[in-house]
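A.B. asks: So I've got this file, data.cif, and it contains mmCIF, C-alpha atoms; chains and numbers go by the auth columns:
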data_data
loop_
_atom_site.group_PDB
_atom_site.id
_atom_site.type_symbol
_atom_site.label_atom_id
_atom_site.label_comp_id
_atom_site.label_asym_id
_atom_site.label_seq_id
_atom_site.Cartn_x
_atom_site.Cartn_y
_atom_site.Cartn_z
_atom_site.B_iso_or_equiv
_atom_site.auth_seq_id
_atom_site.auth_asym_id
ATOM 1 C CA MET A 1 -6.139 -22.254 9.679 0.00 1 A
ATOM 2 C CA ARG A 2 -9.160 -19.991 9.122 0.00 2 A
ATOM 3 C CA HIS A 3 -12.494 -21.040 10.657 0.00 3 A
ATOM 4 C CA LEU A 4 -16.005 -19.615 10.249 0.00 4 A
ATOM 5 C CA VAL A 5 -17.868 -20.521 13.434 0.00 5 A
ATOM 6 C CA SER A 6 -21.599 -20.031 13.996 0.00 6 A
ATOM 7 C CA VAL A 7 -22.921 -19.928 17.553 0.00 7 A
ATOM 8 C CA LEU A 8 -26.643 -20.045 18.302 0.00 8 A
ATOM 9 C CA VAL A 9 -27.261 -18.334 21.659 0.00 9 A
ATOM 10 C CA GLN A 10 -29.997 -17.145 23.950 0.00 10 A
ATOM 11 C CA ASP A 11 -30.417 -13.408 23.419 0.00 11 A
ATOM 12 C CA ASN A 12 -29.214 -12.325 26.892 0.00 12 A
ATOM 13 C CA PRO A 13 -27.054 -9.356 27.968 0.00 13 A
ATOM 14 C CA GLY A 14 -23.357 -10.188 28.289 0.00 14 A
ATOM 15 C CA VAL A 15 -23.360 -13.320 26.109 0.00 15 A
ATOM 16 C CA LEU A 16 -21.200 -11.773 23.400 0.00 16 A
ATOM 17 C CA GLN A 17 -18.676 -10.545 25.974 0.00 17 A
ATOM 18 C CA ARG A 18 -18.386 -14.016 27.558 0.00 18 A
ATOM 19 C CA ILE A 19 -17.904 -15.667 24.172 0.00 19 A
ATOM 20 C CA ALA A 20 -15.308 -13.135 22.984 0.00 20 A
ATOM 21 C CA GLY A 21 -13.428 -13.432 26.283 0.00 21 A
ATOM 22 C CA LEU A 22 -13.395 -17.214 26.103 0.00 22 A
ATOM 23 C CA ILE A 23 -12.002 -17.146 22.562 0.00 23 A
ATOM 24 C CA ALA A 24 -9.340 -14.566 23.478 0.00 24 A
ATOM 25 C CA ARG A 25 -8.225 -16.635 26.488 0.00 25 A
ATOM 26 C CA ARG A 26 -7.632 -19.560 24.118 0.00 26 A
ATOM 27 C CA GLY A 27 -5.246 -17.448 22.033 0.00 27 A
ATOM 28 C CA PHE A 28 -7.495 -16.854 19.035 0.00 28 A
ATOM 29 C CA ASN A 29 -7.837 -13.474 17.381 0.00 29 A
ATOM 30 C CA ILE A 30 -11.356 -12.749 16.166 0.00 30 A
ATOM 31 C CA GLU A 31 -10.883 -11.549 12.577 0.00 31 A
ATOM 32 C CA SER A 32 -14.542 -10.723 12.069 0.00 32 A
ATOM 33 C CA LEU A 33 -17.702 -10.813 14.112 0.00 33 A
ATOM 34 C CA ALA A 34 -21.354 -10.490 13.136 0.00 34 A
ATOM 35 C CA VAL A 35 -24.350 -10.860 15.436 0.00 35 A
ATOM 36 C CA GLY A 36 -28.049 -10.786 14.661 0.00 36 A
ATOM 37 C CA ARG A 37 -31.428 -12.076 15.708 0.00 37 A
ATOM 38 C CA THR A 38 -32.722 -15.262 14.171 0.00 38 A
ATOM 39 C CA HIS A 39 -36.238 -16.137 13.025 0.00 39 A
ATOM 40 C CA GLN A 40 -36.750 -17.744 16.448 0.00 40 A
ATOM 41 C CA PRO A 41 -37.749 -15.303 19.226 0.00 41 A
ATOM 42 C CA GLY A 42 -35.146 -14.976 21.982 0.00 42 A
ATOM 43 C CA LEU A 43 -32.291 -16.430 19.912 0.00 43 A
ATOM 44 C CA SER A 44 -29.352 -14.740 18.214 0.00 44 A
ATOM 45 C CA ARG A 45 -26.702 -16.094 15.878 0.00 45 A
ATOM 46 C CA ILE A 46 -23.064 -15.090 16.212 0.00 46 A
ATOM 47 C CA SER A 47 -20.713 -15.605 13.270 0.00 47 A
ATOM 48 C CA LEU A 48 -17.004 -15.494 14.085 0.00 48 A
ATOM 49 C CA VAL A 49 -14.010 -15.801 11.798 0.00 49 A
ATOM 50 C CA VAL A 50 -10.963 -16.968 13.728 0.00 50 A
ATOM 51 C CA SER A 51 -7.575 -18.369 12.786 0.00 51 A
ATOM 52 C CA GLY A 52 -5.879 -21.111 14.724 0.00 52 A
ATOM 53 C CA ASP A 53 -4.998 -24.742 15.175 0.00 53 A
ATOM 54 C CA ASP A 54 -7.826 -27.323 14.751 0.00 54 A
ATOM 55 C CA ALA A 55 -7.140 -28.944 18.134 0.00 55 A
ATOM 56 C CA VAL A 56 -7.385 -25.642 19.979 0.00 56 A
ATOM 57 C CA LEU A 57 -10.582 -24.759 18.090 0.00 57 A
ATOM 58 C CA GLU A 58 -12.079 -28.065 19.224 0.00 58 A
ATOM 59 C CA GLN A 59 -11.328 -27.071 22.829 0.00 59 A
ATOM 60 C CA VAL A 60 -12.928 -23.663 22.271 0.00 60 A
ATOM 61 C CA GLU A 61 -16.064 -25.358 20.901 0.00 61 A
ATOM 62 C CA LYS A 62 -16.236 -27.576 23.993 0.00 62 A
ATOM 63 C CA GLN A 63 -15.836 -24.533 26.266 0.00 63 A
ATOM 64 C CA LEU A 64 -18.503 -22.588 24.335 0.00 64 A
ATOM 65 C CA ASN A 65 -20.925 -25.491 24.652 0.00 65 A
ATOM 66 C CA ARG A 66 -20.522 -25.313 28.440 0.00 66 A
ATOM 67 C CA LEU A 67 -21.884 -21.764 28.549 0.00 67 A
ATOM 68 C CA ILE A 68 -25.531 -21.838 29.617 0.00 68 A
ATOM 69 C CA GLU A 69 -26.673 -19.406 26.911 0.00 69 A
ATOM 70 C CA VAL A 70 -24.979 -21.312 24.067 0.00 70 A
ATOM 71 C CA ILE A 71 -27.387 -23.589 22.265 0.00 71 A
ATOM 72 C CA LYS A 72 -25.221 -24.861 19.415 0.00 72 A
ATOM 73 C CA VAL A 73 -21.738 -24.293 17.949 0.00 73 A
ATOM 74 C CA THR A 74 -20.785 -25.136 14.375 0.00 74 A
ATOM 75 C CA ASP A 75 -17.390 -24.809 12.676 0.00 75 A
ATOM 76 C CA HIS A 76 -18.278 -24.506 8.995 0.00 76 A
ATOM 77 C CA ALA A 77 -15.601 -26.883 7.736 0.00 77 A
ATOM 78 C CA GLU A 78 -18.203 -28.556 5.525 0.00 78 A
ATOM 79 C CA PRO A 79 -19.415 -26.892 2.312 0.00 79 A
ATOM 80 C CA HIS A 80 -21.067 -23.612 3.235 0.00 80 A
ATOM 81 C CA VAL A 81 -22.173 -20.265 1.878 0.00 81 A
ATOM 82 C CA GLU A 82 -20.243 -17.301 3.256 0.00 82 A
ATOM 83 C CA ARG A 83 -20.939 -13.624 2.601 0.00 83 A
ATOM 84 C CA GLU A 84 -19.851 -10.224 3.808 0.00 84 A
ATOM 85 C CA LEU A 85 -21.332 -6.776 3.193 0.00 85 A
ATOM 86 C CA ALA A 86 -19.095 -3.763 2.610 0.00 86 A
ATOM 87 C CA LEU A 87 -19.735 -0.058 2.170 0.00 87 A
ATOM 88 C CA VAL A 88 -16.867 1.672 0.369 0.00 88 A
ATOM 89 C CA LYS A 89 -16.611 5.456 -0.022 0.00 89 A
ATOM 90 C CA VAL A 90 -14.261 6.586 -2.789 0.00 90 A
ATOM 91 C CA SER A 91 -12.949 10.044 -3.599 0.00 91 A
ATOM 92 C CA ILE A 92 -13.835 11.274 -7.094 0.00 92 A
ATOM 93 C CA ALA A 93 -11.826 14.081 -8.693 0.00 93 A
ATOM 94 C CA GLY A 94 -13.666 14.383 -11.999 0.00 94 A
ATOM 95 C CA MET A 95 -16.027 12.831 -14.507 0.00 95 A
ATOM 96 C CA GLU A 96 -13.374 10.526 -15.973 0.00 96 A
ATOM 97 C CA GLU A 97 -12.607 9.024 -12.547 0.00 97 A
ATOM 98 C CA ARG A 98 -16.323 8.722 -11.822 0.00 98 A
ATOM 99 C CA LEU A 99 -16.771 6.609 -14.967 0.00 99 A
ATOM 100 C CA GLU A 100 -13.704 4.480 -14.159 0.00 100 A
ATOM 101 C CA VAL A 101 -14.866 3.610 -10.636 0.00 101 A
ATOM 102 C CA LYS A 102 -18.376 2.907 -11.925 0.00 102 A
ATOM 103 C CA ASP A 103 -16.856 0.420 -14.403 0.00 103 A
ATOM 104 C CA ILE A 104 -14.930 -1.257 -11.580 0.00 104 A
ATOM 105 C CA ALA A 105 -18.073 -1.433 -9.470 0.00 105 A
ATOM 106 C CA GLU A 106 -20.014 -2.937 -12.363 0.00 106 A
ATOM 107 C CA ALA A 107 -17.345 -5.639 -12.817 0.00 107 A
ATOM 108 C CA PHE A 108 -17.736 -6.584 -9.127 0.00 108 A
ATOM 109 C CA ARG A 109 -21.550 -6.196 -9.201 0.00 109 A
ATOM 110 C CA ALA A 110 -21.414 -3.477 -6.552 0.00 110 A
ATOM 111 C CA ARG A 111 -24.299 -1.018 -6.218 0.00 111 A
ATOM 112 C CA ILE A 112 -24.054 2.743 -5.909 0.00 112 A
ATOM 113 C CA VAL A 113 -25.898 3.805 -2.758 0.00 113 A
ATOM 114 C CA ASP A 114 -24.830 7.464 -2.553 0.00 114 A
ATOM 115 C CA VAL A 115 -23.376 10.006 -4.963 0.00 115 A
ATOM 116 C CA ALA A 116 -21.929 13.354 -3.894 0.00 116 A
ATOM 117 C CA ARG A 117 -19.916 15.932 -5.817 0.00 117 A
ATOM 118 C CA LYS A 118 -16.561 14.492 -4.761 0.00 118 A
ATOM 119 C CA SER A 119 -17.383 10.964 -3.593 0.00 119 A
ATOM 120 C CA ILE A 120 -19.371 7.803 -4.284 0.00 120 A
ATOM 121 C CA ILE A 121 -20.446 5.133 -1.803 0.00 121 A
ATOM 122 C CA PHE A 122 -20.671 1.562 -3.085 0.00 122 A
ATOM 123 C CA GLU A 123 -22.370 -1.434 -1.500 0.00 123 A
ATOM 124 C CA LEU A 124 -20.870 -4.851 -2.201 0.00 124 A
ATOM 125 C CA THR A 125 -21.832 -8.322 -1.042 0.00 125 A
ATOM 126 C CA GLY A 126 -19.615 -11.339 -1.520 0.00 126 A
ATOM 127 C CA ASP A 127 -17.030 -13.564 0.067 0.00 127 A
ATOM 128 C CA SER A 128 -14.025 -12.016 1.802 0.00 128 A
ATOM 129 C CA THR A 129 -11.786 -12.414 -1.251 0.00 129 A
ATOM 130 C CA LYS A 130 -14.227 -10.530 -3.478 0.00 130 A
ATOM 131 C CA VAL A 131 -14.538 -7.705 -0.937 0.00 131 A
ATOM 132 C CA ASN A 132 -10.744 -7.498 -0.527 0.00 132 A
ATOM 133 C CA ASN A 133 -10.232 -7.384 -4.300 0.00 133 A
ATOM 134 C CA PHE A 134 -12.889 -4.675 -4.735 0.00 134 A
ATOM 135 C CA VAL A 135 -11.301 -2.497 -2.043 0.00 135 A
ATOM 136 C CA GLU A 136 -7.853 -2.938 -3.622 0.00 136 A
ATOM 137 C CA ALA A 137 -9.199 -2.092 -7.095 0.00 137 A
ATOM 138 C CA LEU A 138 -10.576 1.189 -5.740 0.00 138 A
ATOM 139 C CA ARG A 139 -7.559 2.063 -3.573 0.00 139 A
ATOM 140 C CA PRO A 140 -5.743 4.042 -6.337 0.00 140 A
ATOM 141 C CA TYR A 141 -8.729 6.423 -6.566 0.00 141 A
ATOM 142 C CA GLY A 142 -8.579 7.322 -2.869 0.00 142 A
ATOM 143 C CA LEU A 143 -10.495 5.353 -0.287 0.00 143 A
ATOM 144 C CA LEU A 144 -12.261 7.691 2.111 0.00 144 A
ATOM 145 C CA GLU A 145 -13.982 5.047 4.255 0.00 145 A
ATOM 146 C CA VAL A 146 -14.496 1.292 4.284 0.00 146 A
ATOM 147 C CA MET A 147 -16.967 -0.496 6.572 0.00 147 A
ATOM 148 C CA ARG A 148 -17.322 -4.279 6.528 0.00 148 A
ATOM 149 C CA THR A 149 -19.898 -6.333 8.403 0.00 149 A
ATOM 150 C CA GLY A 150 -17.781 -9.402 8.970 0.00 150 A
ATOM 151 C CA ALA A 151 -18.494 -12.789 7.480 0.00 151 A
ATOM 152 C CA VAL A 152 -21.778 -14.608 7.983 0.00 152 A
ATOM 153 C CA GLY A 153 -22.365 -18.133 6.814 0.00 153 A
ATOM 154 C CA MET A 154 -24.658 -21.140 6.612 0.00 154 A
ATOM 155 C CA SER A 155 -24.073 -24.781 5.834 0.00 155 A
ATOM 156 C CA ARG A 156 -25.205 -25.898 2.402 0.00 156 A
ATOM 157 C CA GLY A 157 -28.030 -28.391 2.009 0.00 157 A
ATOM 158 C CA GLU A 158 -30.354 -29.585 4.744 0.00 158 A
ATOM 159 C CA GLN A 159 -27.962 -29.117 7.680 0.00 159 A
ATOM 160 C CA VAL A 160 -29.195 -26.322 9.984 0.00 160 A
ATOM 161 C CA LEU A 161 -28.083 -24.638 13.185 0.00 161 A
ATOM 162 C CA LYS A 162 -31.056 -25.325 15.441 0.00 162 A
ATOM 163 C CA VAL A 163 -32.074 -25.705 19.058 0.00 163 A
ATOM 164 C CA ARG A 164 -31.028 -28.984 20.615 0.00 164 A
ATOM 165 C CA GLU A 165 -31.305 -30.400 24.099 0.00 165 A
ATOM 166 C CA LYS A 166 -28.312 -29.725 26.362 0.00 166 A
ATOM 167 C CA LYS A 167 -26.646 -32.765 27.904 0.00 167 A
ATOM 168 C CA ALA A 168 -26.470 -32.854 31.687 0.00 168 A
ATOM 169 C CA VAL A 169 -22.967 -32.058 32.929 0.00 169 A
#
Mind turning the file's structure into structure tokens?

C.D. replies:
Amino acid sequence: MRHLVSVLVQDNPGVLQRIAGLIARRGFNIESLAVGRTHQPGLSRISLVVSGDDAVLEQVEKQLNRLIEVIKVTDHAEPHVERELALVKVSIAGMEERLEVKDIAEAFRARIVDVARKSIIFELTGDSTKVNNFVEALRPYGLLEVMRTGAVGMSRGEQVLKVREKKAV
């Protein structure tokens, strides 16, 4: 089963390495990873997409919560918003192809961020399925490069990932 997990952490060196190592030791493969600062000084948010059994994921969450730098862990099983950013560079042979790929991009609501004589770079934001479908639609034209950020997500409604007091162990 696929899980989008958000981890709120203290912004300290080595935290990402400890978290990735812990997940790997539990037999999970990290499918995507995104890390960034939050609006709170000294805190970062890590978004991981992993696949695996629910029981094992529960154990991983418990292990993550034992790390000193981890403030909160959330598996977004509840309704959530999930997005990914992709940059896609496509080869363009002529004007006809240029118009065709522009039409595809328009259908997916992608933006053109760079145009060269023989290539175009598109920017697309959406869920993983939308990004996958966009890449596949452009594949016949010749993909030169694809860069994806990895999924980020937030719970819908009032639920937030925030600082909470750690329980004494």

A.B. asks: So how far away is atom CA of A:Arg111 from atom CA of A:Gly36, in Å?

C.D. replies: 23.4 Å

A.B. asks: Considering only C-alpha atoms, can you say which of A:Val60, A:Val50, A:Val81, A:Leu33 comes closest to A:Gly157?

C.D. replies: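 Smallest distance to A:Gly157 is found for A:Val81.
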
A.B. asks: Suppose you want the space between atom CA of A:Ile104 and atom CA of A:Glu123; what is it in Å?

C.D. replies: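 Pair atom CA of A:Ile104 / atom CA of A:Glu123 returns 12.5 Å.
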
A.B. asks: Please expand the PyMOL selection byres ((chain A and resi 125-142) around 9) into the concrete residues it hits in this file, giving the result as a list in words.

C.D. replies: Val81, Glu82, Arg83, Glu84, Leu85, Ala86, Val88, Lys89, Val90, Ser91, Ile92, Ala93, Glu97, Val101, Ile104, Ala105, Phe108, Arg109, Ala110, Glu123, Leu124, Leu143, Leu144, Val146, Arg148, Gly150 and Ala151 of chain A

A.B. asks: Record the distance separating atom CA of A:Arg37 and atom CA of A:Arg2, expressed in Å with one decimal.

C.D. replies: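 Straight-line distance from atom CA of A:Arg37 to atom CA of A:Arg2 works out to 24.5 Å.
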
A.B. asks: Find the residue from A:Ser44, A:Asp114, A:Val7, A:Ile23 that sits nearest to A:Asn65; use all atoms listed in the file when measuring.

C.D. replies: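 The shortest atom-to-atom distance to A:Asn65 comes from A:Val7.
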
A.B. asks: Tell me which of A:Val35, A:Met1, A:Met147, A:Val15 sits closest to A:Ser47, counting only C-alpha atoms.

C.D. replies: A:Val35

A.B. asks: With distances taken over only C-alpha atoms, which residue among A:Glu78, A:Glu69, A:Asp103, A:Glu145 lies nearest A:Arg18?

C.D. replies: A:Glu69

A.B. asks: Compare A:Val113, A:Leu57, A:Val73, A:Ile120 by their minimum atom-to-atom distance to A:Ala24, counting only C-alpha atoms, and give me the closest one.

C.D. replies: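 For A:Ala24, the nearest of the candidates is A:Leu57.
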
A.B. asks: Which polymer residues have any atom within 6 Å of an atom of A:His80, counting only C-alpha atoms, with same-chain residues fewer than 2 positions away left out, as a ChimeraX atom specification?

C.D. replies: /A:154-156

A.B. asks: Select, from A:Gln59, A:Thr74, A:Ser32, A:Ser51, the residue with the minimum atom-to-atom distance to A:Val5, counting all atoms listed in the file.

C.D. replies: A:Thr74

A.B. asks: Is it possible to get the axis-aligned box enclosing stretch 154-161 of chain A (all listed atoms, 6 Å extra per side) as AutoDock Vina command-line options, with centre and edge lengths in Å rounded to one decimal?

C.D. replies:
--center_x -27.2 --center_y -25.4 --center_z 7.6 --size_x 18.3 --size_y 20.4 --size_z 23.2

A.B. asks: Which residues, written as a PDB file with C-alpha atoms, in the frame of the given file, have at least one atom at most 12 Å from A:Gly21, with only C-alpha atoms counted and residues fewer than 6 positions away on the same chain left out?

C.D. replies:
ATOM      1  CA  GLY A  14     -23.357 -10.188  28.289  1.00  0.00           C
ATOM      2  CA  VAL A  15     -23.360 -13.320  26.109  1.00  0.00           C
ATOM      3  CA  GLY A  27      -5.246 -17.448  22.033  1.00  0.00           C
ATOM      4  CA  PHE A  28      -7.495 -16.854  19.035  1.00  0.00           C
ATOM      5  CA  ASN A  29      -7.837 -13.474  17.381  1.00  0.00           C
ATOM      6  CA  ILE A  30     -11.356 -12.749  16.166  1.00  0.00           C
ATOM      7  CA  VAL A  60     -12.928 -23.663  22.271  1.00  0.00           C
ATOM      8  CA  GLN A  63     -15.836 -24.533  26.266  1.00  0.00           C
ATOM      9  CA  LEU A  64     -18.503 -22.588  24.335  1.00  0.00           C
TER      10      LEU A  64
END
